[in-house]
Each structure stands twice: as structure tokens, then as C-alpha cells.
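Here's run.cif, which has mmCIF, C-alpha atoms:
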data_target
loop_
_atom_site.label_atom_id
_atom_site.label_comp_id
_atom_site.auth_asym_id
_atom_site.auth_seq_id
_atom_site.Cartn_x
_atom_site.Cartn_y
_atom_site.Cartn_z
CA MET A 1 3.32 -22.35 0.59
CA SER A 2 5.38 -19.49 -0.73
CA THR A 3 8.16 -20.67 1.54
CA ILE A 4 10.19 -23.75 0.82
CA ARG A 5 10.24 -26.77 3.06
CA ILE A 6 13.22 -29.08 3.13
CA ILE A 7 13.19 -32.27 5.15
CA GLN A 8 16.88 -33.14 5.18
CA PRO A 9 20.12 -31.21 4.76
CA VAL A 10 21.11 -30.29 1.23
CA ARG A 11 24.87 -30.72 0.87
CA LEU A 12 27.29 -32.77 -1.16
CA ASP A 13 27.44 -35.76 1.20
CA GLY A 14 23.79 -35.52 2.26
CA PHE A 15 20.75 -37.57 1.29
CA ASN A 16 19.62 -34.75 -1.04
CA SER A 17 16.08 -35.78 -1.90
CA LEU A 18 14.89 -34.64 -5.31
CA THR A 19 12.17 -32.52 -3.71
CA ASP A 20 14.54 -30.77 -1.30
CA VAL A 21 17.16 -30.02 -3.94
CA GLU A 22 14.58 -28.84 -6.46
CA ALA A 23 13.06 -26.49 -3.87
CA VAL A 24 16.50 -25.02 -3.23
CA GLN A 25 17.17 -24.69 -6.95
CA THR A 26 13.87 -22.82 -7.30
CA VAL A 27 14.89 -20.21 -4.74
CA LEU A 28 18.37 -19.88 -6.18
CA ASN A 29 16.97 -19.27 -9.65
CA LYS A 30 14.56 -16.73 -8.26
CA SER A 31 17.52 -14.99 -6.61
CA GLN A 32 19.55 -15.15 -9.81
CA ARG A 33 20.12 -11.42 -10.10
CA LEU A 34 20.55 -10.93 -6.38
CA ILE A 35 23.39 -13.41 -6.19
CA SER A 36 24.83 -12.63 -9.64
CA LEU A 37 24.26 -16.16 -10.86
CA THR A 38 25.19 -15.96 -14.52
CA GLN A 39 23.11 -18.92 -15.67
CA ALA A 40 19.91 -20.31 -14.22
CA LEU A 41 20.23 -23.74 -12.66
CA ILE A 42 18.62 -26.74 -14.29
CA MET A 43 15.83 -27.64 -11.88
CA ASP A 44 16.37 -31.38 -11.88
CA GLY A 45 16.54 -31.93 -8.11
CA ARG A 46 20.06 -33.30 -8.40
CA LEU A 47 23.52 -32.27 -7.23
CA ASN A 48 26.54 -33.12 -9.25
CA PRO A 49 28.54 -35.36 -6.85
CA ARG A 50 31.83 -33.75 -7.89
CA PRO A 51 32.17 -30.61 -5.74
CA GLU A 52 33.98 -28.66 -8.42
CA SER A 53 31.17 -29.34 -10.91
CA SER A 54 28.09 -28.83 -8.75
CA LYS A 55 26.49 -25.64 -9.97
CA THR A 56 23.81 -25.86 -7.29
CA ILE A 57 26.40 -26.01 -4.50
CA ALA A 58 28.24 -23.11 -6.13
CA ALA A 59 25.00 -21.14 -6.23
CA ILE A 60 24.26 -21.93 -2.57
CA LYS A 61 27.71 -20.56 -1.75
CA LEU A 62 26.96 -17.44 -3.78
CA PHE A 63 23.71 -17.00 -1.85
CA GLN A 64 25.50 -17.44 1.47
CA SER A 65 28.23 -15.06 0.46
CA LYS A 66 26.08 -12.29 -1.05
CA VAL A 67 22.92 -12.51 1.03
CA LEU A 68 24.16 -13.85 4.37
CA ASN A 69 27.60 -12.22 4.10
CA MET A 70 29.25 -15.47 5.12
CA VAL A 71 33.00 -15.19 4.98
CA ARG A 72 33.42 -18.91 4.40
CA PRO A 73 30.27 -20.15 2.67
CA ASP A 74 29.98 -23.92 3.04
CA GLY A 75 27.35 -24.66 0.39
CA GLU A 76 25.19 -26.52 2.91
CA ILE A 77 21.58 -25.98 3.87
CA ASP A 78 20.10 -27.44 7.04
CA PRO A 79 16.33 -27.60 7.54
CA ASN A 80 15.38 -24.39 9.31
CA GLY A 81 19.05 -23.43 9.47
CA ARG A 82 20.32 -19.93 8.77
CA THR A 83 20.51 -20.30 4.99
CA HIS A 84 17.11 -21.98 4.78
CA ARG A 85 15.47 -19.27 6.88
CA LYS A 86 17.03 -16.52 4.79
CA MET A 87 15.84 -18.20 1.58
CA ASN A 88 12.29 -18.21 2.92
CA GLU A 89 12.58 -14.55 3.83
CA LYS A 90 13.51 -13.83 0.24
CA LEU A 91 10.35 -15.56 -0.99
CA THR A 92 8.11 -13.03 0.68
CA GLY A 93 8.09 -9.28 0.53
CA GLU A 94 7.79 -8.69 -3.22
CA ALA A 95 6.17 -5.28 -3.59
CA GLU A 96 4.64 -3.18 -6.32
CA ILE A 97 6.55 -0.47 -8.10
CA PRO A 98 4.41 2.70 -8.19
CA GLY A 99 3.66 4.12 -11.63
CA ILE A 100 3.58 2.29 -14.92
CA LYS A 101 6.58 0.07 -14.24
CA ALA A 102 6.22 -3.33 -12.61
CA ASN A 103 8.28 -5.46 -10.26
CA PRO A 104 9.73 -8.22 -12.51
CA GLN A 105 8.74 -10.83 -9.94
CA ILE A 106 5.12 -9.67 -10.07
CA VAL A 107 5.32 -9.91 -13.86
CA GLU A 108 6.32 -13.55 -13.27
CA TYR A 109 3.17 -13.97 -11.19
CA PHE A 110 1.20 -12.51 -14.12
CA LYS A 111 2.77 -15.02 -16.50
CA ALA A 112 1.82 -17.90 -14.19
CA SER A 113 -1.83 -16.85 -14.37
CA LYS A 114 -1.61 -15.98 -18.11
CA PHE A 115 -2.47 -12.36 -17.39
CA TRP A 116 -1.20 -9.94 -20.01
CA GLY A 117 -0.79 -6.93 -17.70
CA SER A 118 2.48 -5.05 -17.53
CA ASP A 119 1.70 -2.71 -14.61
CA ASP A 120 1.38 -4.01 -11.06
CA SER A 121 -0.34 -0.95 -9.56
CA GLY A 122 -4.00 -0.19 -8.97
CA GLY A 123 -7.15 -2.20 -8.51
CA GLN A 124 -7.19 -2.82 -12.27
CA ASN A 125 -4.07 -4.97 -11.98
CA ALA A 126 -4.77 -6.65 -8.65
CA TRP A 127 -2.36 -9.58 -8.61
CA CYS A 128 -3.45 -11.73 -5.64
CA GLY A 129 -4.79 -14.43 -8.00
CA SER A 130 -1.61 -14.32 -10.06
CA PHE A 131 0.48 -14.80 -6.93
CA VAL A 132 -1.50 -17.91 -5.99
CA ALA A 133 -1.10 -19.20 -9.57
CA TRP A 134 2.66 -18.74 -9.34
CA VAL A 135 2.88 -20.54 -6.01
CA MET A 136 0.81 -23.44 -7.27
CA GLN A 137 2.90 -23.65 -10.43
CA GLN A 138 6.09 -23.75 -8.34
CA ASN A 139 4.53 -26.71 -6.58
CA LYS A 140 3.70 -28.47 -9.85
CA MET A 141 -0.02 -27.79 -9.66
CA GLU A 142 -2.05 -26.41 -12.51
CA PRO A 143 -3.71 -23.05 -11.78
CA VAL A 144 -7.41 -22.64 -12.51
CA LYS A 145 -8.58 -21.02 -15.74
CA ASN A 146 -8.47 -17.21 -15.50
CA ALA A 147 -6.35 -17.60 -12.38
CA PHE A 148 -5.70 -13.84 -12.33
CA ARG A 149 -9.28 -13.44 -11.10
CA ALA A 150 -9.40 -14.13 -7.37
CA LYS A 151 -12.88 -15.63 -7.31
CA GLU A 152 -11.98 -18.25 -9.94
CA TRP A 153 -9.92 -20.03 -7.28
CA ALA A 154 -13.14 -21.16 -5.60
CA SER A 155 -13.29 -23.84 -8.31
CA PHE A 156 -9.83 -25.22 -7.55
CA GLY A 157 -9.37 -28.73 -6.15
CA LYS A 158 -11.97 -29.51 -3.53
CA PRO A 159 -13.76 -27.31 -0.98
CA LEU A 160 -13.37 -27.46 2.78
CA ASP A 161 -15.97 -26.33 5.27
CA LYS A 162 -13.35 -24.73 7.53
CA PRO A 163 -9.89 -23.26 7.04
CA VAL A 164 -6.75 -25.36 7.55
CA PHE A 165 -3.08 -24.47 7.28
CA GLY A 166 -2.10 -24.07 3.62
CA ALA A 167 -5.64 -23.93 2.23
CA ILE A 168 -6.51 -21.30 -0.33
CA GLY A 169 -9.06 -18.81 1.03
CA ILE A 170 -11.34 -16.74 -1.19
CA LYS A 171 -13.18 -13.53 -0.33
CA SER A 172 -16.17 -13.20 -2.62
CA ARG A 173 -17.31 -9.66 -1.96
CA LYS A 174 -18.85 -7.56 -4.76
CA GLY A 175 -16.29 -7.06 -7.49
CA GLY A 176 -13.05 -8.94 -7.81
CA GLY A 177 -12.72 -10.48 -4.35
CA HIS A 178 -9.41 -11.61 -2.92
CA VAL A 179 -7.46 -14.85 -2.59
CA ALA A 180 -4.61 -15.91 -0.28
CA PHE A 181 -3.20 -18.86 1.67
CA VAL A 182 -4.31 -19.61 5.22
CA VAL A 183 -1.30 -19.72 7.56
CA GLY A 184 -2.90 -19.48 10.98
CA GLN A 185 -5.58 -18.10 13.25
CA SER A 186 -5.78 -15.81 16.26
CA ALA A 187 -5.98 -17.31 19.73
CA ASP A 188 -9.69 -16.46 19.94
CA GLY A 189 -10.36 -17.90 16.49
CA ASN A 190 -11.95 -14.71 15.20
CA TYR A 191 -9.15 -13.77 12.80
CA LEU A 192 -7.26 -15.55 10.08
CA TYR A 193 -3.69 -14.86 9.05
CA MET A 194 -3.38 -14.98 5.31
CA LEU A 195 -0.25 -15.13 3.17
CA GLY A 196 -1.04 -13.41 -0.09
CA GLY A 197 0.01 -11.09 -2.86
CA ASN A 198 -1.29 -7.55 -3.29
CA GLN A 199 -1.89 -7.20 0.44
CA SER A 200 -0.81 -3.62 1.17
CA ASN A 201 0.65 -3.82 -2.34
CA SER A 202 3.10 -6.58 -1.47
CA VAL A 203 3.46 -10.25 -0.57
CA ASN A 204 2.98 -10.59 3.18
CA VAL A 205 0.99 -12.21 5.96
CA ALA A 206 -2.02 -10.11 6.91
CA LYS A 207 -4.64 -10.43 9.63
CA TYR A 208 -8.28 -10.55 8.50
CA LYS A 209 -11.61 -11.06 10.18
CA LYS A 210 -12.49 -14.72 9.68
CA GLU A 211 -16.02 -13.91 8.60
CA LEU A 212 -14.75 -12.09 5.49
CA TRP A 213 -13.60 -15.36 3.92
CA ASP A 214 -16.26 -17.31 2.07
CA ASP A 215 -14.51 -20.34 0.59
CA PHE A 216 -11.56 -22.55 1.39
CA VAL A 217 -10.14 -25.00 -1.13
CA VAL A 218 -7.28 -27.49 -1.21
CA PRO A 219 -5.77 -29.71 -3.93
CA ALA A 220 -8.07 -32.58 -4.87
CA ASN A 221 -5.65 -35.19 -3.48
CA PHE A 222 -5.20 -33.39 -0.14
CA ASP A 223 -6.24 -35.36 2.93
CA PRO A 224 -7.81 -32.86 5.36
CA SER A 225 -8.24 -35.40 8.16
CA SER A 226 -4.76 -34.69 9.55
CA ALA A 227 -4.79 -30.97 8.79
CA SER A 228 -4.96 -28.32 11.48
CA LEU A 229 -4.92 -24.57 11.89
CA PRO A 230 -2.22 -23.34 14.28
CA ILE A 231 -2.35 -20.19 16.35
CA TYR A 232 -0.30 -17.62 14.47
CA THR A 233 2.22 -15.88 16.69
CA GLN A 234 4.53 -14.11 14.26
CA LYS A 235 4.45 -10.57 12.91
CA ALA A 236 1.64 -9.73 10.49
CA SER A 237 0.22 -6.62 8.94
CA VAL A 238 -3.39 -5.62 9.38
CA ALA A 239 -5.41 -6.33 6.25
CA GLY A 240 -4.46 -3.63 3.80
CA SER A 241 -5.08 -3.00 0.16
CA GLU A 242 -6.08 -5.68 -2.25
CA ALA A 243 -8.68 -6.14 -4.88
CA MET B 1 31.44 -10.61 -42.53
CA ILE B 2 31.87 -9.06 -39.08
CA LYS B 3 28.93 -6.78 -39.78
CA LYS B 4 26.77 -9.80 -40.55
CA ILE B 5 27.83 -11.48 -37.33
CA LEU B 6 26.90 -8.37 -35.40
CA VAL B 7 23.56 -8.00 -37.15
CA ILE B 8 22.38 -11.60 -36.64
CA PRO B 9 21.96 -11.40 -32.83
CA PHE B 10 20.19 -8.08 -33.20
CA VAL B 11 17.74 -9.50 -35.74
CA LEU B 12 17.17 -12.58 -33.57
CA PHE B 13 16.51 -10.41 -30.51
CA ALA B 14 14.16 -8.13 -32.44
CA SER B 15 12.20 -11.02 -33.94
CA THR B 16 11.91 -12.73 -30.54
CA HIS B 17 10.64 -9.49 -29.06
CA ILE B 18 8.06 -9.11 -31.84
CA VAL B 19 6.85 -12.71 -31.39
CA TYR B 20 6.51 -12.15 -27.63
CA ALA B 21 4.59 -8.88 -28.15
CA LYS B 22 2.29 -10.57 -30.66
CA SER B 23 1.55 -13.45 -28.31
CA ALA B 24 0.82 -11.00 -25.45
CA GLU B 25 -1.60 -9.11 -27.72
CA LEU B 26 -3.35 -12.33 -28.69
CA LEU B 27 -3.55 -13.36 -25.03
CA GLU B 28 -5.15 -10.03 -24.23
CA LEU B 29 -7.59 -10.43 -27.11
CA GLU B 30 -8.64 -13.83 -25.77
CA GLY B 31 -9.08 -12.24 -22.35
CA PHE B 32 -11.14 -9.48 -23.91
CA LYS B 33 -13.49 -11.97 -25.60
CA GLU B 34 -13.80 -13.95 -22.37
CA ALA B 35 -14.59 -10.81 -20.38
CA ILE B 36 -17.32 -9.71 -22.80
CA LYS B 37 -19.11 -13.03 -22.35
CA ASN B 38 -19.12 -12.72 -18.58
CA VAL B 39 -20.38 -9.19 -17.96
CA HIS B 40 -23.31 -6.89 -18.69
CA TYR B 41 -21.54 -3.95 -20.27
CA LEU B 42 -18.66 -3.04 -22.60
CA ALA B 43 -17.68 0.48 -23.62
CA LYS B 44 -14.72 2.53 -24.71
CA VAL B 45 -14.34 5.30 -22.16
CA LYS B 46 -12.08 8.06 -20.98
CA ILE B 47 -11.77 8.30 -17.19
CA THR B 48 -12.37 11.82 -15.95
CA ASN B 49 -12.34 11.47 -12.17
CA VAL B 50 -11.98 9.01 -9.30
CA GLU B 51 -13.42 9.49 -5.82
CA ILE B 52 -12.56 7.45 -2.76
CA PHE B 53 -15.15 6.45 -0.18
CA HIS B 54 -14.22 4.64 3.01
CA ASP B 55 -16.46 1.71 3.85
CA GLU B 56 -16.63 -0.36 6.98
CA ASP B 57 -14.34 -3.36 7.56
CA GLU B 58 -11.25 -1.49 6.35
CA SER B 59 -12.31 -1.46 2.73
CA GLU B 60 -12.67 1.35 0.24
CA LYS B 61 -14.90 2.09 -2.69
CA HIS B 62 -13.32 3.89 -5.62
CA VAL B 63 -15.91 5.53 -7.84
CA TYR B 64 -14.69 6.11 -11.38
CA SER B 65 -16.39 8.73 -13.56
CA ALA B 66 -15.95 8.43 -17.29
CA GLU B 67 -16.94 9.92 -20.59
CA VAL B 68 -18.29 7.19 -22.84
CA LEU B 69 -16.78 7.24 -26.32
CA ALA B 70 -18.59 4.17 -27.68
CA THR B 71 -20.89 1.52 -26.25
CA TYR B 72 -20.62 -2.06 -27.54
CA LYS B 73 -22.70 -4.01 -25.07
CA GLY B 74 -25.42 -2.82 -22.69
CA LYS B 75 -27.27 0.45 -22.45
CA SER B 76 -25.74 3.53 -24.12
CA HIS B 77 -24.72 6.47 -21.97
CA LYS B 78 -22.82 9.67 -22.59
CA LYS B 79 -21.34 9.59 -19.13
CA LEU B 80 -20.85 6.74 -16.74
CA SER B 81 -19.74 6.05 -13.21
CA TYR B 82 -18.76 2.71 -11.76
CA GLU B 83 -17.61 1.38 -8.42
CA MET B 84 -14.46 -0.57 -7.71
CA PHE B 85 -14.25 -2.25 -4.32
CA VAL B 86 -10.75 -2.46 -2.90
CA GLU B 87 -9.24 -2.33 0.54
CA LYS B 88 -7.68 0.65 2.18
CA GLY B 89 -4.59 2.03 0.48
CA GLU B 90 -4.99 0.59 -3.02
CA ASP B 91 -3.45 2.88 -5.64
CA ILE B 92 -5.58 4.74 -8.12
CA VAL B 93 -4.36 4.39 -11.67
CA PHE B 94 -5.83 6.35 -14.54
CA ASN B 95 -4.87 8.86 -17.19
CA SER B 96 -6.53 10.63 -20.09
CA ALA B 97 -6.06 7.73 -22.53
CA SER B 98 -9.15 5.94 -23.74
CA ILE B 99 -9.67 2.38 -22.54
CA TYR B 100 -12.16 -0.43 -22.93
CA VAL B 101 -13.90 -1.45 -19.71
CA VAL B 102 -16.21 -4.37 -19.05
CA LEU B 103 -18.59 -3.87 -16.13
CA CYS B 104 -21.31 -5.55 -14.15
CA LEU B 105 -24.65 -3.99 -13.32
CA ASP B 106 -26.29 -4.61 -9.95
CA GLU B 107 -30.01 -4.75 -9.14
CA LYS B 108 -30.00 -1.04 -8.25
CA GLY B 109 -28.66 -0.11 -11.67
CA THR B 110 -25.15 0.66 -10.43
CA TYR B 111 -22.20 -0.37 -12.54
CA TYR B 112 -19.30 -2.06 -10.78
CA TRP B 113 -15.88 -3.41 -11.56
CA PRO B 114 -15.89 -7.23 -11.96
CA GLY B 115 -12.23 -7.76 -11.00
CA THR B 116 -8.80 -8.12 -12.58
CA ALA B 117 -8.74 -8.22 -16.40
CA SER B 118 -11.70 -5.92 -16.90
CA GLU B 119 -9.81 -3.03 -18.47
CA PHE B 120 -8.12 -3.20 -21.87
CA LYS B 121 -5.94 -0.77 -23.73
CA PRO B 122 -6.97 -0.16 -27.33
CA SER B 123 -4.63 -2.00 -29.69
CA LEU B 124 -4.65 -2.90 -33.34
CA VAL B 125 -5.61 -6.48 -32.49
CA ILE B 126 -8.53 -5.57 -30.20
CA ASP B 127 -9.73 -2.64 -32.32
CA THR B 128 -9.73 -4.77 -35.47
CA TRP B 129 -11.56 -7.63 -33.80
CA LEU B 130 -14.11 -5.27 -32.30
CA SER B 131 -14.81 -3.48 -35.58
CA GLU B 132 -15.31 -6.82 -37.30
CA ASN B 133 -17.56 -8.17 -34.55
CA LYS B 134 -19.36 -5.07 -33.38
CA SER B 135 -22.80 -6.32 -34.28
CA ASN B 136 -22.17 -9.68 -32.61
CA VAL B 137 -20.86 -8.26 -29.36
CA GLU B 138 -24.25 -6.88 -28.36
CA LYS B 139 -25.87 -10.23 -29.07
CA VAL B 140 -23.23 -12.41 -27.48
CA SER B 141 -24.85 -14.87 -25.14
CA THR B 142 -23.81 -14.24 -21.60
CA ASN B 143 -23.96 -16.00 -18.29
CA VAL B 144 -22.59 -12.88 -16.55
CA GLY B 145 -20.50 -15.25 -14.45
CA TRP B 146 -18.21 -12.47 -13.32
CA CYS B 147 -21.16 -10.53 -11.91
CA GLU B 148 -22.54 -13.20 -9.60
#

In C-alpha cells, how does this file's structure come out?
Amino acid sequence: MSTIRIIQPVRLDGFNSLTDVEAVQTVLNKSQRLISLTQALIMDGRLNPRPESSKTIAAIKLFQSKVLNMVRPDGEIDPNGRTHRKMNEKLTGEAEIPGIKANPQIVEYFKASKFWGSDDSGGQNAWCGSFVAWVMQQNKMEPVKNAFRAKEWASFGKPLDKPVFGAIGIKSRKGGGHVAFVVGQSADGNYLYMLGGNQSNSVNVAKYKKELWDDFVVPANFDPSSASLPIYTQKASVAGSEA
Amino acid sequence: MIKKILVIPFVLFASTHIVYAKSAELLELEGFKEAIKNVHYLAKVKITNVEIFHDEDESEKHVYSAEVLATYKGKSHKKLSYEMFVEKGEDIVFNSASIYVVLCLDEKGTYYWPGTASEFKPSLVIDTWLSENKSNVEKVSTNVGWCE
């Protein structure tokens, strides 16, 4: 869920669904400093049809030029194409800054969960719940009250009796617990791969014993009948630090 | 005239910053009140030491030792230790500054960290509220929801 999904190409002469374009605008705004975008885009899901006036297309070109080093950026994004894949890469990997300073993106996660913290280090400032709050907010869903506390997520939406792709998983061990998104399972079904924040002090996919996860929840309007849990085959870290 | 033009943005920036800081302080105060309702213990402490113990299943237990400066809820102690459960590699953050901590108490009488938003830096807003409500804090009804 912390990656964007686009169904059709985003380009000037494309279909450009509101959802696809808005997802792209979200990533571009998040990359504002990286691509030297002087003004954040209005996230309206629309492209200005006049090429010379489309700020979103201009920002896509900036992304392609500065992040992908394209010599001739075309301002087009194909589903699972090079630009799309690179955008999704940029959505993961946010890491803590040791000491009293904080990664500005993690501060954004704090804001999404209404946590007042200004330091992203240490068990005191564990930000897994804040990361989930930010992701849900990006997807127009209201985080739970006290979303900075991992265990509070057990009251979100509706519970499931088994994990499915995209569900929120909650570890309820003594103390603060942990929360992350289910993205897959091991071939033997004994491990879950979880996309979360504050896992080895960063956003990543980590492998956990399945038995450590107590609750799985999904949005109230989610239909679990067609949901599944794929075998995860990509790179993941072993469960590291979180709180 | 030019001076005025130069001063206006500065004043606007400064006032915006103050408003933001105030709202963050109020947010923290609300969090502080919420935390007190959900735990067994509140004290102002100074951390003196942290020890790391490796548990099974790749987790760690950090045991914080502290000198208690004032107790507001729960049993009074001069010194205190509490456990924070994290997984391997979590940073340890503490210094000599005093802090407020809210804690849970298990059936064995061990204090433990309830999770994020259980430590608060002293501030004018929190200190003032606490001094005005000190007698009520001890009596505040609690469901210790964060300790279940």
C-alpha cells in the first residue's frame, strides 16, 4: 500500500483516470525536493490538456530527468514501466536520522497520526503506527484514534481471521506492539512478509514468524472473498528493530 | 517603507511558527492527559542507566533505571526501573534531562513501557496543567487500556 498502483498510462493523450493521476501527483509532491519542484502540485487528479501548461507532466519530466537520468524525458508513465517502478522505489526506504534530528518524511508520518514527537530515534518514538496512518491518509482513509500507538490499529475497519495481501497486521506483545502491512508469505506458510515503518529503523519489507502476529484488519468496505496471500519472492530483511 | 516591507514577512513567519509551536504543545498536552488515563503510573524521572537484554525471537528488552523526582500517579519510589520491549537493534535514547513517563505495572510488580507516546518533556503547558491538577491525577479513573 505504500506503493502506488496505476491502471492505465498517465500521459497527455492517455485516459488519465483521476485515481491514477492523483497517485502520480502524490509521489511527485513527496519527491518535491528531490526533483527541485518549486511548487507542490494541486492533487486534483487532472492533467492540463495543453502540454505547455501541464504542471504534472512537467513534474514527471523533472522526475525522469533528475531521478532516472533520462536525456529526453517524455512525461509519460506506463503501468509498471520504468518511471512507475522508480516512483515506487522512492516510496520505500525512508530511514531514521540518528540523534535528536528527524527525517522530514518521518515527521510527516507523525503528523498523519497526530503525534507531537520531533525525534524519530529510539523505542520512545517508534513510528510504525504513524507510518500506517500516513499510508491510510494517502489513500483517503481516516486513521484510528491514537494511531501512533501500534496496538490501536486492531480497532481499525474489520478483523480477518487470516492474513491477506494488503491487510494491516498487529503484534500485540507486552508493551507497544508493532503494526505493518501484509505483502506476502513464505512458501511453507510459516513466515509473513510485512511492509512497515520502523523496521530496522526504516521503511522496508521484513520477514517475521507468522505466529508473532495476533490481529489482521482491513477497511470496513473491503471484500475479503477475493483476497489472497501470494508467496513473496523478492528481497526482504529479517525482522529487525521496531517497537 | 522598504524596512516595513522587509519586516512584514519576518513577523508573519515568526507568528506562524509560534502558532505551530503552541498547537504542538497543546497536542502533546492532550496526549499526556490521554496517557494518564490509560496507565497505572506517572512520574517525573531522570534516567540514569539503560541495560539491554536479548530475548528469544529476535527481540530485546531494554531496562531503564531512573531516579524518581516526583510521583503523580501510583506508588511512590525513590528509584525505579522499567522494561521496554523492542526488537534487535533499536536505538537507545536518553540523556540527563528530566522527563515525565507513564508506565504499566504487570502482575509481578514490574513496570513496563506501554508504547509510543508514553514519555513527555516538561514544558510550561504540561507543568502548569500538572500543578493545577496534581490532586486529581492520582484519582483519575482509569481503564488501563494501554496495559492490557

Using all atoms listed in the file, find each residue in chain B having at least one atom no more than 10 Å away from chain A; report its shortest atom-to-atom pair and that distance in Å (one decimal), rows by chain then rising number, as CSV.
residue,atom,partner,partner_atom,distance
B:Ser23,CA,A:Trp116,CA,9.4
B:Ala24,CA,A:Trp116,CA,5.9
B:Glu25,CA,A:Trp116,CA,7.8
B:Leu26,CA,A:Trp116,CA,9.3
B:Leu27,CA,A:Trp116,CA,6.5
B:Glu28,CA,A:Trp116,CA,5.8
B:Leu29,CA,A:Trp116,CA,9.6
B:Gly31,CA,A:Phe115,CA,8.3
B:Glu34,CA,A:Asn146,CA,9.3
B:Asp57,CA,A:Lys209,CA,8.6
B:Glu58,CA,A:Gly240,CA,7.6
B:Ser59,CA,A:Ser241,CA,7.8
B:Glu60,CA,A:Ser241,CA,8.7
B:His62,CA,A:Gly123,CA,9.1
B:Glu83,CA,A:Gly175,CA,8.6
B:Met84,CA,A:Gly175,CA,6.7
B:Phe85,CA,A:Gly175,CA,6.1
B:Val86,CA,A:Ala243,CA,4.7
B:Glu87,CA,A:Ser241,CA,4.2
B:Lys88,CA,A:Ser241,CA,4.9
B:Gly89,CA,A:Ser241,CA,5.1
B:Glu90,CA,A:Ser241,CA,4.8
B:Asp91,CA,A:Gly122,CA,4.6
B:Ile92,CA,A:Gly122,CA,5.2
B:Val93,CA,A:Gly122,CA,5.3
B:Phe94,CA,A:Gly122,CA,8.8
B:Leu103,CA,A:Gly175,CA,9.5
B:Cys104,CA,A:Gly175,CA,8.5
B:Asp106,CA,A:Lys174,CA,9.5
B:Tyr112,CA,A:Gly175,CA,6.7
B:Trp113,CA,A:Gly175,CA,5.5
B:Pro114,CA,A:Gly175,CA,4.5
B:Gly115,CA,A:Gly176,CA,3.5
B:Thr116,CA,A:Arg149,CA,5.5
B:Ala117,CA,A:Gln124,CA,7.0
B:Ser118,CA,A:Gln124,CA,7.2
B:Glu119,CA,A:Gln124,CA,6.7
B:Phe120,CA,A:Gly117,CA,9.2
B:Trp146,CA,A:Gly175,CA,8.2
B:Cys147,CA,A:Gly175,CA,7.4
B:Glu148,CA,A:Lys174,CA,8.3

query: If you count all atoms listed in the file, which residues fall within 9 Å of Lys79 (chain B), apart from same-chain ones fewer than 4 positions away, as a VMD selection string?
result: chain B and resid 45 65 to 69

- prompt: Asn16 (chain A): which residues within 9 Å, counting only C-alpha atoms, same-chain residues fewer than 5 positions away excluded, as number ranges by chain?
  reply: A: 8-11, 21, 45-47

Just say which residues the PyMOL selection byres ((chain A and resi 86) around 12) picks in this file, as an mmCIF file with C-alpha atoms, in the coordinates of the input.
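Saved result, part_11.cif, follows:
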data_model
loop_
_atom_site.group_PDB
_atom_site.id
_atom_site.type_symbol
_atom_site.label_atom_id
_atom_site.label_comp_id
_atom_site.auth_asym_id
_atom_site.auth_seq_id
_atom_site.Cartn_x
_atom_site.Cartn_y
_atom_site.Cartn_z
ATOM 1 C CA THR A 3 8.160 -20.670 1.540
ATOM 2 C CA ILE A 4 10.190 -23.750 0.820
ATOM 3 C CA VAL A 24 16.500 -25.020 -3.230
ATOM 4 C CA VAL A 27 14.890 -20.210 -4.740
ATOM 5 C CA LEU A 28 18.370 -19.880 -6.180
ATOM 6 C CA SER A 31 17.520 -14.990 -6.610
ATOM 7 C CA ILE A 60 24.260 -21.930 -2.570
ATOM 8 C CA PHE A 63 23.710 -17.000 -1.850
ATOM 9 C CA GLN A 64 25.500 -17.440 1.470
ATOM 10 C CA LYS A 66 26.080 -12.290 -1.050
ATOM 11 C CA VAL A 67 22.920 -12.510 1.030
ATOM 12 C CA LEU A 68 24.160 -13.850 4.370
ATOM 13 C CA ASN A 69 27.600 -12.220 4.100
ATOM 14 C CA ILE A 77 21.580 -25.980 3.870
ATOM 15 C CA ASP A 78 20.100 -27.440 7.040
ATOM 16 C CA PRO A 79 16.330 -27.600 7.540
ATOM 17 C CA ASN A 80 15.380 -24.390 9.310
ATOM 18 C CA GLY A 81 19.050 -23.430 9.470
ATOM 19 C CA ARG A 82 20.320 -19.930 8.770
ATOM 20 C CA THR A 83 20.510 -20.300 4.990
ATOM 21 C CA HIS A 84 17.110 -21.980 4.780
ATOM 22 C CA ARG A 85 15.470 -19.270 6.880
ATOM 23 C CA MET A 87 15.840 -18.200 1.580
ATOM 24 C CA ASN A 88 12.290 -18.210 2.920
ATOM 25 C CA GLU A 89 12.580 -14.550 3.830
ATOM 26 C CA LYS A 90 13.510 -13.830 0.240
ATOM 27 C CA LEU A 91 10.350 -15.560 -0.990
ATOM 28 C CA THR A 92 8.110 -13.030 0.680
#

query: What is the distance between CA of Tyr64 (chain B) and CA of Ser96 (chain B), in Å to one decimal?
result: 12.8 Å

field: For region 133-138 of chain A: contacts at 7 Å, only C-alpha atoms, fewer than 3 positions along chain excluded, given as a ChimeraX atom specification
entry: /A:1-2,109,112-113,129-130,141-143,147
